Each structure stands twice: as C-alpha cells, then as structure tokens.
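Heads up, the thing below is written out as structure tokens.
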Amino acid sequence: MVPGVVAQPGTEEEIDLRQLLVVFLRRWSIMVAAFVAVVAAGAVYTWMMPAIYKATATILVGSSSGSSGGGEEMPLLADLRALTRSRSVQTQAEIIKSPAIAGEALKDLPEEYQELVDEEEIEVKPLRDTDIIQVSSFSTNPEAAAALANAIVDRHIEANREENRQQAKAAREYVGEQLEKVHKSLVEAQEKLKDFKQANLTIDLEAKSVKLIAQLAEIETDLRSSQVELASTRANLATKEADAISLSGEIIQTQRLADSLSVTTIKSHLVELELERTQLLQEYTPTSPEVRRLAQQIKEAQAQLEYEAVTAIAQDLAPVQAMVWVLEAQVSALESSANRAQGKLARLPEQEYRLAQITINLQVLHQTYNLLNEEYQKLRISEEARLANVRIVSPAQAPESPVRPRKMVNMALATVLGLMLALGLALVVDRLDDRVRTEEDAVMAVGAPVLAHLRMFPEIEELSLEKAEKQSDLLEIFRTLRSNITLSAVDEPLRVLLVTSTQPREGKTVVATNLAIALAMDGKRTVLVDTDLRRPHIHDRMGVSNEAGLSNVAIGERSLKEVLQETHIPNLEVLTCGPIPPNPAEMLNSQAWRDSLAKLKEQVDFIVMDSSPVLMFTDAQVLASMADATLMVVSAPETSRRALAQGTKLLSIVSANLVGIVLNKLERRFGAGSYYYYHYDDYYHDKEGEKKKKRRRRS
C-alpha cells in the first residue's frame with residue numbers, strides 16, 4: 001500500500017478551506033504585491049484629489065395644500081385661488097436647479113469665486129415630509145461654496161417675489177374685472193328694486209316677510225361658505241391621497257369607506273343634528289343652552305366619523321376625511337333649510353314674492369361685491385409688497401473641513417478591494433499554474449500512486465545512499481520504495497525496473513542509482529543499467545569507466561560478462577552506456593539487446609534501468625515494453641500536469657506497467673497533502689569528492 005491517501009484519477013477536484021489556505025500561502029508574494037499596489041493606488045488617488053468643501057443653505061417654502069375647488073358654486077373664488085396657490089416643494093426644488101436660478105446665481109458671484117465653482121456641483125434636496133429644501137454647493141474654496149449657495153437662495157427668493165407679484169397682478173386685474181361686473185349687476189339690481197317699488201307703490205315688506213328673507217339670505221350665505229370650504233377640503237384630501245400613493249404605492253379606497261353602513265348612519269344622524277341646529281338658530285342665540293347642547297351632540301358625531309376614518313385609512317388622512325364628511329352633512333342640512341325657506345317664500349303673495357326675490361338677489365350681490373372688493377385690496381397690497389413664499393431658515397456658512405475626499409472611507413475601500421483583488425488574483429494565478437504542487441496533482445495526472453517522495457534540498461544530484469548512515473532517513477525512503485515496488489505484484493515478482501521522467505533534471509538518475517543501492521544492500525544481486533544513450537550519468541555517479549557498455553553489447557562487440565563492472569557496494573554491478581551511438585532508439589530496440597536483457601534477467605535478482613525522458617525521445621517507450629515495471633520520477637515544482645499526463649499516455653501506448661511515482665523536490669507546507677512525510681538528514685560534499693556532513697532538522 002502507498003503511505004497516505006491516494007486520490008483516484010478522474011475524481012472531481014474540490015476546493016475546501018484547507019486547500020484555499022494552501023493556495024494563499026503558496027501565492028503570498030502575488031497577494032502582497034496586489035494588495036500593496038491597490039492600497040498604494042488608493043492612497044495616491046486620495047491624497048492627490050483636491051479638497052472639496054460643501055456649504056448648505058436651508059429655506060422654507062410655502063407648499064400647496066391642494067388645488068382649489070370652488071366648483072360650480074363659486075367659480076370666481078376657484079379661479080382666484082388657482083391663480084394664487086403655491087407650487088409644491090419638489091417643483092420648487094427643480095426650479096432651483098434650473099439654469100434660470102442656478103446659472104444666474106453663478107453670474108452674481110464675484111469674479112474670483114466664479115472660477116472656483118461649477119453649476120454642475122450643486123445639490124438641491126427637499127427634506128421628506130417637510131416644506132424645507134436644502135441647497136448645497138461644492139467647491140475647492142469654502143468661501144466660494146458658501147457664496148454660491150447663498151446666491152442661489154437669494155436668486156430663488158427674488159424670482160419667487162417677482163412671480164408672486166405677477167400672479168397678484170394678474171389676479172388683481174381679474175378680480176377688478178369681476179368687481180366691475182358685480183358692481184354693474186348690483187347697480188342694476190338696486191334700480192330694479194327701486195322701479196319695482198315705484199311701480200307697485202310698495203315701500204316695505206311686512207315684518208314676517210322681512211324676517212323670512214333675512215333667514216333665507218343667511219342660510220344661503222352659510223351654504224355658499226360651506227360649499228367653498230367643502231370643495232377646498234376635498235382638494236386637500238385628494239392631494240394627501242396622491243402623496244400617500246406616491247410614498248407607499250397603495251391606493252386608498254376612501255370612497256368604499258364613505259359608503260359603508262356605519263359611516264352612512266353617522267352622517268345621516270349628523271345631517272339631522274345640523275338641520276335641527278339651523279332651525280334653532282332662527283329662534284335662539286348660539287350661546288343658548290339648547291344650541292350648545294346640540295353643538296355637543298354634533299361634536300360627538302364628528303368624533304365618531306373621525307374614529308371610523310382612523311380605523312381604515314392613514315392617520316394623517318383621517319382628520320381631513322372626517323372634515324369632508326362633516327361639511328357634506330352641513331351642506332346637506334343647509335340645502336334642506338334653504339329649500340324649506342324657499343317653499344315658505346313661494347307662498348307669499350305675488351308682489352311680495354317678486355319683491356323678496358329681488359331683495360335676496362340684491363343682498364347676495366352686495367355680499368359678493370364686498371368679498372371681491374376685500375380680495376382686490378389684499379391683492380393690490382401683495383403686489384406692492386412683493387411678498388415671497390420662501391424664507392431663509394439658515395444661510396450657508398463657510399465650512400471648516402472638506403467633505404471630499406473621505407480619506408478614511410477611501411482607504412477602507414482600497415483595503416477591501418486590495419484584499420479581494422489579492423485573493424482573486426491568487427486563485428486565478430494558481431488555477432493557471434499547471435505545475436505539480438501537491439501529491440494529489442501528480443496522482444491525478446498519472447493515475448498511479450505515490451510510492452515515495454523526497455522533500456526539496458539544495459544538491460539533489462549529490463544524494464547517495466553510499467554516503468548515508470545505516471539508519472538514515474534517506475535509506476528508509478528507498479527501502480520503503482523498494483518494498484512498495486515489490487508489493488505491487490505478488491504473483492509475478494517485478495525484476496526489471498525502468499526509471500524515467502518527463503523532462504531532464506527531475507532526479508531520475510538519482511532515484512535509479514539509490515534504488516539499485518537499496519536493493520543491493522538488502523542482499524539482492526542487482527545490476528544498474530544506464531540506458532540513457534544520449535546523456536549518460538551512471539558512470540560518473542558510480543565512479544566506473546565508460547569505455548565499454550550497453551552500446552557494445554547491442555552491436556555484438558562485447559559480451560555482458562565483459563562489460564559488467566563491479567562496484568564497491570556488495571551485490572551491485574553496473575552496466576554503463578558505453579560509446580554514445582548515433583541511433584539510440586534503434587539500438588535499444590535491437591534483438592541483440594533484448595536477448596542480452598533476457599539473459600541478464602536470469603542471472604541476477606533485479607535490473608534497474610535509467611532511461612532518457614519519455615517526452616523527449618522514444619527510448620523510454622522502447623524500454624518500458626521490456627521492463628516488468630516502470631517508475632515515473634516527478635519534480636514537483638518543475639513538471640507540469642499536462643506534460644505528466646502526456647508522458648503517461650505515451651507509456652500507455654506500449655502497455656507499460658506504470659506502478660507508481662517518486663515525487664521529488666516537494667516542499668512541505670501546511671495542508672500540502674495528506675501523505676506521510678519522511679524526515680532525513682541532508683548531506684553535502686565538495687568538488688574534490690571529500691565528504692562533508694551537516695545535519696539540519698526541519699520543523
């Protein structure tokens with residue numbers, strides 16, 4: 001069995017936290033570089049940005065409570081209110097941002113400030129649920145920022161005054177025209193009354209008729225006033241409902257609530273109470289106990305209506321909705337009273353009835369004339385006073401500290417982005433890096449287990465068991481490798497072993513030499529054969545001559561007995577390469593070499609062959625077809641997984657028995673694998689071959 005856990009080929013790779021930590025530890029230099037670069041860029045950007053100051057002025061505007069609504073009852077007052085109503089807060093905010101205000105305000109600044117501010121660097125923000133607007137300007141100069149914000153506010157107030165003046169002027173002219181018409185109608189009504197009295201020789205009505213006319217005029221005056229107030233309240237309710245829909249996105253079904261049984265019952269009772277109060281006022285004063293008691297009952301009914309509204313709709317709409325219902329009840333009661341009074345008036349004699357109609361018309365025209373005249377005087381005063389619907393709550397002051405750049409925020413963002421980029425870059429680079437980093441990578445590429453591994457050390461080419469102590473860890477590694485190879489096939493012992501790699505300098509010669517030494521030290525007669533006929537190294541490592549060797553045997557010049565050389569290690573013989581031939585692959589595939597290898601196999605216990613890299617030449621494929629087992633040496637930080645898989649595929653073409661992997665130059669890091677790691681002493685020697693030993697313990 002192979003020490004540790006061996007991944008199976010084709011198993012889907014899973015990345016867990018431990019593997020991520022390994023990646024980050026492996027790519028720490030890239031991560032540090034990316035993190036430092038991003039943080040440095042953020043710092044440079046932040047400190048190179050000019051300091052931006054923000055100055056804010058706050059104004060209070062007169063928002064519209066809804067559209068006017070005199071309705072058909074009072075069209076003149078409806079038109080008048082439509083002329084003089086204020087704009088909404090949002091509309092005024094958009095007007096402030098327009099070039100007509102902001103652009104002109106920029107021109108009002110001193111020349112030294114005009115170059116320091118920009119019309120685009122203006123922020124106008126209405127505060128929610130208020131009539132307050134904040135006007136902010138940004139500049140590299142705090143005084144310039146405050147000057148621009150105040151200039152915009154002043155320009156808006158001046159524009160608002162001029163607009164109000166124009167509206168008041170238009171309304172005054174309109175009211176003046178209506179006033180002339182009403183005055184003309186009033187004069188005509190007076191003349192008509194005079195002519196009627198002269199024609200009928202009537203001076204005055206009876207006292208009962210006069211009282212009836214006065215009552216009817218008072219009822220109609222109250223009715224018209226209630227109708228106007230009802231229309232205005234309905235408009236206010238519609239505006240609030242629209243605001244509620246824009247904020248919550250829900251449609252409020254107030255009409256369904258108004259038609260409910262409970263509301264209808266309360267409204268009917270309220271109409272009866274209002275009608276009774278109207279009748280009592282014809283006989284009693286408002287302070288009389290009878291009227292006050294009835295007023296308390298009306299108040300209780302109004303409270304019940306408001307309670308019904310609160311339980312069904314938003315609280316800010318409930319009082320307005322309740323007021324609509326109350327006014328509807330008042331209008332209904334006054335209409336009933338007016339109809340009864342009109343009925344009584346109709347029962348008067350013909351002349352008195354006509355006189356009463358003329359008198360009532362004259363009184364209504366007189367009241368309308370007085371109302372229009374009062375409004376006319378107010379509008380004239382407003383036009384001359386040039387009043388504004390906007391006032392300054394707090395002017396802009398030069399700020400002491402800038403709002404941009406926000407250095408701490410920018411550096412925090414740079415830190416977060418740097419960490420994200422560093423982690424992402426580490427994962428991408430590690431994913432693109434195809435080199436064998438862990439034992440799992442090698443097993444996945446080859447499809448064979450790891451039989452042994454050597455951690456990275458400075459001079460791997462100089463490692464040799466002949467210089468090691470009897471109980472050294474290095475000897476234990478190759479004894480374990482020997483055991484794993486022999487245990488790979490119990491029924492048919494593996495006697496001819498081929499050691500190869502995908503590329504040069506992966507340590508195949510070191511592994512082949514030390515494996516042969518380990519087998520010989522175990523008492524097995526072993527022959528180490530240098531089958532690398534292109535760049536042979538065995539004779540140098542074993543200190544033997546290379547005058548004659550495998551190439552001589554393959555062409556029949558020498559026999560095996562003549563070229564085999566004994567070493568100072570018992571049970572170990574060496575067959576060197578010999579003279580380098582021009583056709584190594586053909587020579588290794590010759591029948592003479594095959595016969596010699598078969599004859600040699602009968603004479604010894606193990607044959608260890610060191611071949612050339614499998615990806616560079618076909619020699620390894622030829623030899624793998626002759627060997628009982630093939631061992632792949634992999635240099636962890638130098639071999640790519642793609643090259644390793646390609647080399648494995650080439651060996652599989654000749655049905656090579658690839659028994660396992662020797663993983664070489666593997667660095668031990670946290671989480672690098674779940675296999676057992678061997679610890680051993682590193683040995684060094686100088687160029688003259690003198691032995692030097694230096695022991696280091698790796699933690």
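Here, A, B, ... name the chains of the structure tokens in the order displayed, residue numbers run from 1 inside each chain, and ligands are numbered from 1 in the same displayed order.
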Handout entry: For stretch 658-668 of chain A: contacts at 8 Å, only C-alpha atoms, fewer than 2 positions along chain excluded, given as a PyMOL selection string
Key = chain A and resi 437-439+442-443+448-457+485+488+506-507+629-637+651+656+670+672
Write out, as an mmCIF file, in the first residue's frame, the residues just selected, with C-alpha atoms.
```
data_model
loop_
_atom_site.group_PDB
_atom_site.id
_atom_site.type_symbol
_atom_site.label_atom_id
_atom_site.label_comp_id
_atom_site.auth_asym_id
_atom_site.auth_seq_id
_atom_site.Cartn_x
_atom_site.Cartn_y
_atom_site.Cartn_z
ATOM 1 C CA ARG A 437 2.343 21.342 -6.464
ATOM 2 C CA THR A 438 0.953 18.535 -4.359
ATOM 3 C CA GLU A 439 0.910 14.766 -4.372
ATOM 4 C CA ALA A 442 0.726 14.043 -9.540
ATOM 5 C CA VAL A 443 -1.679 11.204 -8.782
ATOM 6 C CA ALA A 448 -0.743 5.785 -10.234
ATOM 7 C CA PRO A 449 0.087 6.052 -6.537
ATOM 8 C CA VAL A 450 2.978 7.899 -4.985
ATOM 9 C CA LEU A 451 5.450 5.283 -3.774
ATOM 10 C CA ALA A 452 7.937 7.688 -2.195
ATOM 11 C CA HIS A 453 8.824 11.332 -2.125
ATOM 12 C CA LEU A 454 11.838 13.478 -1.406
ATOM 13 C CA ARG A 455 11.460 16.929 0.030
ATOM 14 C CA MET A 456 13.363 19.788 -1.545
ATOM 15 C CA PHE A 457 17.058 20.076 -0.660
ATOM 16 C CA ILE A 485 7.537 -1.867 -5.752
ATOM 17 C CA SER A 488 2.863 -4.058 -6.303
ATOM 18 C CA GLU A 506 13.926 15.688 -12.498
ATOM 19 C CA GLY A 507 16.140 13.326 -10.486
ATOM 20 C CA ALA A 629 7.590 -2.200 -14.031
ATOM 21 C CA THR A 630 8.077 1.464 -14.822
ATOM 22 C CA LEU A 631 8.674 4.119 -12.200
ATOM 23 C CA MET A 632 7.922 7.790 -13.004
ATOM 24 C CA VAL A 633 10.083 10.408 -11.271
ATOM 25 C CA VAL A 634 8.311 13.765 -10.951
ATOM 26 C CA SER A 635 9.939 17.035 -9.932
ATOM 27 C CA ALA A 636 7.101 18.775 -8.096
ATOM 28 C CA PRO A 637 7.857 22.448 -8.731
ATOM 29 C CA LEU A 651 3.816 4.906 -21.871
ATOM 30 C CA ALA A 656 3.868 -0.132 -19.831
ATOM 31 C CA PHE A 670 0.660 23.445 5.734
ATOM 32 C CA ALA A 672 0.154 20.404 1.130
#
```
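Residues in contact with stretch 404-413 of chain A at 12 Å, where only C-alpha atoms are counted and same-chain residues fewer than 6 positions away are skipped, are listed as Phe35, Val36, Val38, Val39, Ala40, Ala41, Gly42, Ala43, Val44, Tyr45, Thr46, Trp47, Met48, Met49, Pro50, Ala51, Ile52, Tyr53, Lys54, Phe138, Ser139, Thr140, Leu419, Met420 and Leu421 of chain A.
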Okay, now the selection with N, CA and C atoms, as a PDB file, in the first residue's frame?
```pdb
ATOM      1  N   PHE A  35      -2.099  43.554  -3.172  1.00  0.00           N
ATOM      2  CA  PHE A  35      -2.691  44.331  -2.087  1.00  0.00           C
ATOM      3  C   PHE A  35      -1.976  45.667  -1.920  1.00  0.00           C
ATOM      4  N   VAL A  36      -0.656  45.634  -1.922  1.00  0.00           N
ATOM      5  CA  VAL A  36       0.113  46.877  -1.767  1.00  0.00           C
ATOM      6  C   VAL A  36      -0.142  47.809  -2.932  1.00  0.00           C
ATOM      7  N   VAL A  38      -2.871  48.076  -4.850  1.00  0.00           N
ATOM      8  CA  VAL A  38      -4.206  48.683  -4.770  1.00  0.00           C
ATOM      9  C   VAL A  38      -4.259  49.718  -3.653  1.00  0.00           C
ATOM     10  N   VAL A  39      -3.725  49.374  -2.495  1.00  0.00           N
ATOM     11  CA  VAL A  39      -3.742  50.329  -1.376  1.00  0.00           C
ATOM     12  C   VAL A  39      -2.906  51.560  -1.713  1.00  0.00           C
ATOM     13  N   ALA A  40      -1.765  51.350  -2.364  1.00  0.00           N
ATOM     14  CA  ALA A  40      -0.935  52.495  -2.750  1.00  0.00           C
ATOM     15  C   ALA A  40      -1.652  53.363  -3.773  1.00  0.00           C
ATOM     16  N   ALA A  41      -2.310  52.716  -4.755  1.00  0.00           N
ATOM     17  CA  ALA A  41      -3.063  53.488  -5.745  1.00  0.00           C
ATOM     18  C   ALA A  41      -4.191  54.272  -5.085  1.00  0.00           C
ATOM     19  N   GLY A  42      -4.888  53.619  -4.136  1.00  0.00           N
ATOM     20  CA  GLY A  42      -5.950  54.328  -3.418  1.00  0.00           C
ATOM     21  C   GLY A  42      -5.416  55.487  -2.604  1.00  0.00           C
ATOM     22  N   ALA A  43      -4.255  55.291  -1.977  1.00  0.00           N
ATOM     23  CA  ALA A  43      -3.662  56.373  -1.188  1.00  0.00           C
ATOM     24  C   ALA A  43      -3.228  57.533  -2.078  1.00  0.00           C
ATOM     25  N   VAL A  44      -2.594  57.197  -3.210  1.00  0.00           N
ATOM     26  CA  VAL A  44      -2.156  58.253  -4.126  1.00  0.00           C
ATOM     27  C   VAL A  44      -3.357  59.010  -4.678  1.00  0.00           C
ATOM     28  N   TYR A  45      -4.386  58.264  -5.076  1.00  0.00           N
ATOM     29  CA  TYR A  45      -5.590  58.903  -5.610  1.00  0.00           C
ATOM     30  C   TYR A  45      -6.244  59.801  -4.557  1.00  0.00           C
ATOM     31  N   THR A  46      -6.319  59.284  -3.320  1.00  0.00           N
ATOM     32  CA  THR A  46      -6.970  60.057  -2.256  1.00  0.00           C
ATOM     33  C   THR A  46      -6.196  61.325  -1.931  1.00  0.00           C
ATOM     34  N   TRP A  47      -4.874  61.200  -1.824  1.00  0.00           N
ATOM     35  CA  TRP A  47      -4.086  62.367  -1.422  1.00  0.00           C
ATOM     36  C   TRP A  47      -3.837  63.340  -2.577  1.00  0.00           C
ATOM     37  N   MET A  48      -4.034  62.886  -3.803  1.00  0.00           N
ATOM     38  CA  MET A  48      -3.881  63.802  -4.944  1.00  0.00           C
ATOM     39  C   MET A  48      -5.182  64.528  -5.275  1.00  0.00           C
ATOM     40  N   MET A  49      -6.314  64.001  -4.800  1.00  0.00           N
ATOM     41  CA  MET A  49      -7.595  64.662  -5.058  1.00  0.00           C
ATOM     42  C   MET A  49      -7.656  65.987  -4.307  1.00  0.00           C
ATOM     43  N   PRO A  50      -8.175  67.026  -4.947  1.00  0.00           N
ATOM     44  CA  PRO A  50      -8.311  68.308  -4.236  1.00  0.00           C
ATOM     45  C   PRO A  50      -9.394  68.220  -3.163  1.00  0.00           C
ATOM     46  N   ALA A  51      -9.237  68.983  -2.112  1.00  0.00           N
ATOM     47  CA  ALA A  51     -10.226  69.008  -1.028  1.00  0.00           C
ATOM     48  C   ALA A  51     -11.477  69.748  -1.496  1.00  0.00           C
ATOM     49  N   ILE A  52     -12.629  69.112  -1.347  1.00  0.00           N
ATOM     50  CA  ILE A  52     -13.907  69.679  -1.771  1.00  0.00           C
ATOM     51  C   ILE A  52     -14.707  70.032  -0.517  1.00  0.00           C
ATOM     52  N   TYR A  53     -15.180  71.295  -0.474  1.00  0.00           N
ATOM     53  CA  TYR A  53     -15.967  71.773   0.659  1.00  0.00           C
ATOM     54  C   TYR A  53     -17.434  71.880   0.253  1.00  0.00           C
ATOM     55  N   LYS A  54     -18.308  71.630   1.217  1.00  0.00           N
ATOM     56  CA  LYS A  54     -19.749  71.680   0.985  1.00  0.00           C
ATOM     57  C   LYS A  54     -20.380  72.707   1.913  1.00  0.00           C
ATOM     58  N   PHE A 138     -20.669  72.798  -3.882  1.00  0.00           N
ATOM     59  CA  PHE A 138     -19.373  72.189  -3.627  1.00  0.00           C
ATOM     60  C   PHE A 138     -18.297  72.987  -4.350  1.00  0.00           C
ATOM     61  N   SER A 139     -17.162  73.170  -3.671  1.00  0.00           N
ATOM     62  CA  SER A 139     -16.068  73.921  -4.266  1.00  0.00           C
ATOM     63  C   SER A 139     -14.781  73.599  -3.511  1.00  0.00           C
ATOM     64  N   THR A 140     -13.678  73.861  -4.184  1.00  0.00           N
ATOM     65  CA  THR A 140     -12.381  73.695  -3.514  1.00  0.00           C
ATOM     66  C   THR A 140     -12.106  74.833  -2.549  1.00  0.00           C
ATOM     67  N   LEU A 419      -7.707  43.466  -0.780  1.00  0.00           N
ATOM     68  CA  LEU A 419      -7.831  42.087  -0.303  1.00  0.00           C
ATOM     69  C   LEU A 419      -8.583  41.217  -1.302  1.00  0.00           C
ATOM     70  N   MET A 420      -9.672  41.750  -1.846  1.00  0.00           N
ATOM     71  CA  MET A 420     -10.446  40.979  -2.818  1.00  0.00           C
ATOM     72  C   MET A 420      -9.616  40.685  -4.065  1.00  0.00           C
ATOM     73  N   LEU A 421      -8.895  41.711  -4.566  1.00  0.00           N
ATOM     74  CA  LEU A 421      -8.062  41.505  -5.748  1.00  0.00           C
ATOM     75  C   LEU A 421      -6.938  40.526  -5.455  1.00  0.00           C
TER      76      LEU A 421
END
```
Close residues, stretch 527-530 of chain A itself excluded, 8 Å, only C-alpha atoms, min 4 positions apart in chain, as a CSV table (one decimal) with C-alpha atoms, in the first residue's frame:
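Result file follows (part-v8.csv):
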```csv
chain,number,residue,atom,x,y,z
A,512,ALA,CA,17.6,4.8,-10.1
A,513,THR,CA,21.1,4.8,-8.5
A,516,ALA,CA,19.8,-0.1,-7.0
A,536,PRO,CA,24.7,9.1,-19.6
A,537,HIS,CA,25.5,9.8,-16.0
A,538,ILE,CA,25.6,6.5,-14.2
A,550,LEU,CA,25.5,-1.3,-23.4
A,572,LEU,CA,25.8,-4.2,-7.1
A,573,GLU,CA,27.1,-4.3,-10.6
A,574,VAL,CA,26.9,-1.5,-13.2
A,575,LEU,CA,26.3,-1.7,-17.0
A,576,THR,CA,27.3,1.7,-18.3
A,577,CYS,CA,26.2,3.3,-21.6
A,604,VAL,CA,20.5,-11.5,-11.3
A,606,PHE,CA,17.0,-7.1,-10.0
A,607,ILE,CA,17.8,-4.9,-13.1
A,608,VAL,CA,17.3,-1.2,-12.6
A,609,MET,CA,17.4,0.8,-15.9
A,610,ASP,CA,17.9,4.6,-16.1
A,611,SER,CA,16.4,5.9,-19.3
```
Exercise for the section: Compare A:Ile298, A:Leu179, A:Ala341, A:Leu423 by their minimum atom-to-atom distance to A:Gln367, counting only C-alpha atoms, and give me the closest one. Expected result: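 With only C-alpha atoms as the atom set, the closest residue is A:Leu179.
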Practice task
Tell me, as a list of chain:residue names, which residues lie within 12 Å of A:Lys181, counting only C-alpha atoms; anything in the same chain fewer than 4 positions away does not count.
Solution key: A:Leu76, A:Tyr174, A:Val175, A:Gly176, A:Glu177, A:Ser185, A:Leu186, A:Val187, A:Glu188, A:Leu365, A:Thr368, A:Tyr369, A:Leu372, A:Asn373
Please save N, CA and C atoms of the selected residues as a PDB file, in the first residue's frame.
```
ATOM      1  N   LEU A  76     -65.725  82.025  -9.351  1.00  0.00           N
ATOM      2  CA  LEU A  76     -64.835  83.178  -9.237  1.00  0.00           C
ATOM      3  C   LEU A  76     -63.760  82.929  -8.185  1.00  0.00           C
ATOM      4  N   TYR A 174     -57.878  90.411 -12.762  1.00  0.00           N
ATOM      5  CA  TYR A 174     -59.044  89.556 -12.966  1.00  0.00           C
ATOM      6  C   TYR A 174     -60.148  89.915 -11.976  1.00  0.00           C
ATOM      7  N   VAL A 175     -59.762  90.086 -10.690  1.00  0.00           N
ATOM      8  CA  VAL A 175     -60.757  90.435  -9.673  1.00  0.00           C
ATOM      9  C   VAL A 175     -61.353  91.807  -9.966  1.00  0.00           C
ATOM     10  N   GLY A 176     -60.504  92.713 -10.476  1.00  0.00           N
ATOM     11  CA  GLY A 176     -61.028  94.044 -10.814  1.00  0.00           C
ATOM     12  C   GLY A 176     -62.097  93.970 -11.889  1.00  0.00           C
ATOM     13  N   GLU A 177     -61.844  93.118 -12.889  1.00  0.00           N
ATOM     14  CA  GLU A 177     -62.853  92.963 -13.940  1.00  0.00           C
ATOM     15  C   GLU A 177     -64.146  92.385 -13.376  1.00  0.00           C
ATOM     16  N   SER A 185     -73.920  94.743 -11.914  1.00  0.00           N
ATOM     17  CA  SER A 185     -75.120  93.956 -11.609  1.00  0.00           C
ATOM     18  C   SER A 185     -75.789  94.468 -10.343  1.00  0.00           C
ATOM     19  N   LEU A 186     -74.963  94.916  -9.372  1.00  0.00           N
ATOM     20  CA  LEU A 186     -75.521  95.436  -8.131  1.00  0.00           C
ATOM     21  C   LEU A 186     -76.312  96.708  -8.387  1.00  0.00           C
ATOM     22  N   VAL A 187     -75.771  97.596  -9.224  1.00  0.00           N
ATOM     23  CA  VAL A 187     -76.490  98.839  -9.551  1.00  0.00           C
ATOM     24  C   VAL A 187     -77.792  98.515 -10.269  1.00  0.00           C
ATOM     25  N   GLU A 188     -77.716  97.550 -11.194  1.00  0.00           N
ATOM     26  CA  GLU A 188     -78.929  97.170 -11.924  1.00  0.00           C
ATOM     27  C   GLU A 188     -79.968  96.585 -10.970  1.00  0.00           C
ATOM     28  N   LEU A 365     -75.630  89.874  -4.185  1.00  0.00           N
ATOM     29  CA  LEU A 365     -74.696  90.670  -4.984  1.00  0.00           C
ATOM     30  C   LEU A 365     -73.894  91.615  -4.102  1.00  0.00           C
ATOM     31  N   THR A 368     -71.260  89.556  -2.379  1.00  0.00           N
ATOM     32  CA  THR A 368     -70.210  89.194  -3.343  1.00  0.00           C
ATOM     33  C   THR A 368     -69.337  90.396  -3.655  1.00  0.00           C
ATOM     34  N   TYR A 369     -69.951  91.542  -3.814  1.00  0.00           N
ATOM     35  CA  TYR A 369     -69.180  92.752  -4.097  1.00  0.00           C
ATOM     36  C   TYR A 369     -68.217  93.064  -2.941  1.00  0.00           C
ATOM     37  N   LEU A 372     -65.326  90.497  -3.070  1.00  0.00           N
ATOM     38  CA  LEU A 372     -64.382  90.790  -4.152  1.00  0.00           C
ATOM     39  C   LEU A 372     -63.588  92.055  -3.868  1.00  0.00           C
ATOM     40  N   ASN A 373     -64.207  93.029  -3.316  1.00  0.00           N
ATOM     41  CA  ASN A 373     -63.507  94.265  -3.007  1.00  0.00           C
ATOM     42  C   ASN A 373     -62.419  94.032  -1.952  1.00  0.00           C
TER      43      ASN A 373
END
```
Practice task
Using DSSP on the backbone coordinates, identify all residues within stretch 520-619 of chain A classified as helix (DSSP H, G or I); present the result as a PyMOL selection string.
Solution key: chain A and resi 520-521+538-542+550-554+560-563+584-588+591-603+619
Exercise for the section: Report the distance between atom CA of A:Val429 and atom CA of A:Ala414 in Å, rounded to one decimal place. Expected result: 21.4 Å
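The shortest atom-to-atom distance to A:Phe196, with only C-alpha atoms taken into account, belongs to A:Arg354 out of A:Arg354, A:Lys97, A:Ser545, A:Arg165.
Neighbouring residues of stretch 103-115 of chain A at 7 Å or closer, counting only C-alpha atoms and skipping chain neighbours under 3 positions away, are Pro99, Ala100, Glu119, Ala144, Leu148, Ala151, Ile152 and Arg155 of chain A.
Closest approach to A:Ser137 among A:Gly556, A:Pro582, A:Pro399, A:Pro493: A:Pro399, based on only C-alpha atoms.
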Exercise for the section: Using only C-alpha atoms, pick whichever of A:Leu273, A:Val622, A:Ala322, A:Ala171 has the shortest atom-to-atom distance to A:Leu334. Expected result: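 Smallest separation from A:Leu334 among the options: A:Leu273.
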Practice task
Find the spatial neighbours of A:Glu220, counting only C-alpha atoms, within a cut-off of 8 Å - ignore same-chain residues fewer than 3 positions away - and output them as number ranges by chain.
Solution key: A: 216-217, 223-224, 334, 338
Residues from the last selection, N, CA and C atoms, saved as a compact mmCIF listing (two decimals), in the first residue's frame:
```txt
# COMPACT_ATOMS: atom_id res chain seq x y z
N LEU A 216 -83.43 83.43 4.92
CA LEU A 216 -83.02 82.77 3.69
C LEU A 216 -81.66 83.28 3.22
N ALA A 217 -81.43 84.57 3.31
CA ALA A 217 -80.14 85.13 2.91
C ALA A 217 -79.01 84.59 3.78
N LEU A 223 -74.57 78.44 3.30
CA LEU A 223 -74.48 77.33 2.34
C LEU A 223 -73.33 77.54 1.37
N ARG A 224 -73.24 78.75 0.82
CA ARG A 224 -72.15 79.02 -0.12
C ARG A 224 -70.79 78.89 0.57
N LEU A 334 -77.99 72.55 5.26
CA LEU A 334 -78.27 73.91 4.80
C LEU A 334 -79.11 73.90 3.54
N ALA A 338 -82.58 75.71 3.19
CA ALA A 338 -82.82 76.69 2.13
C ALA A 338 -84.04 76.31 1.30
```
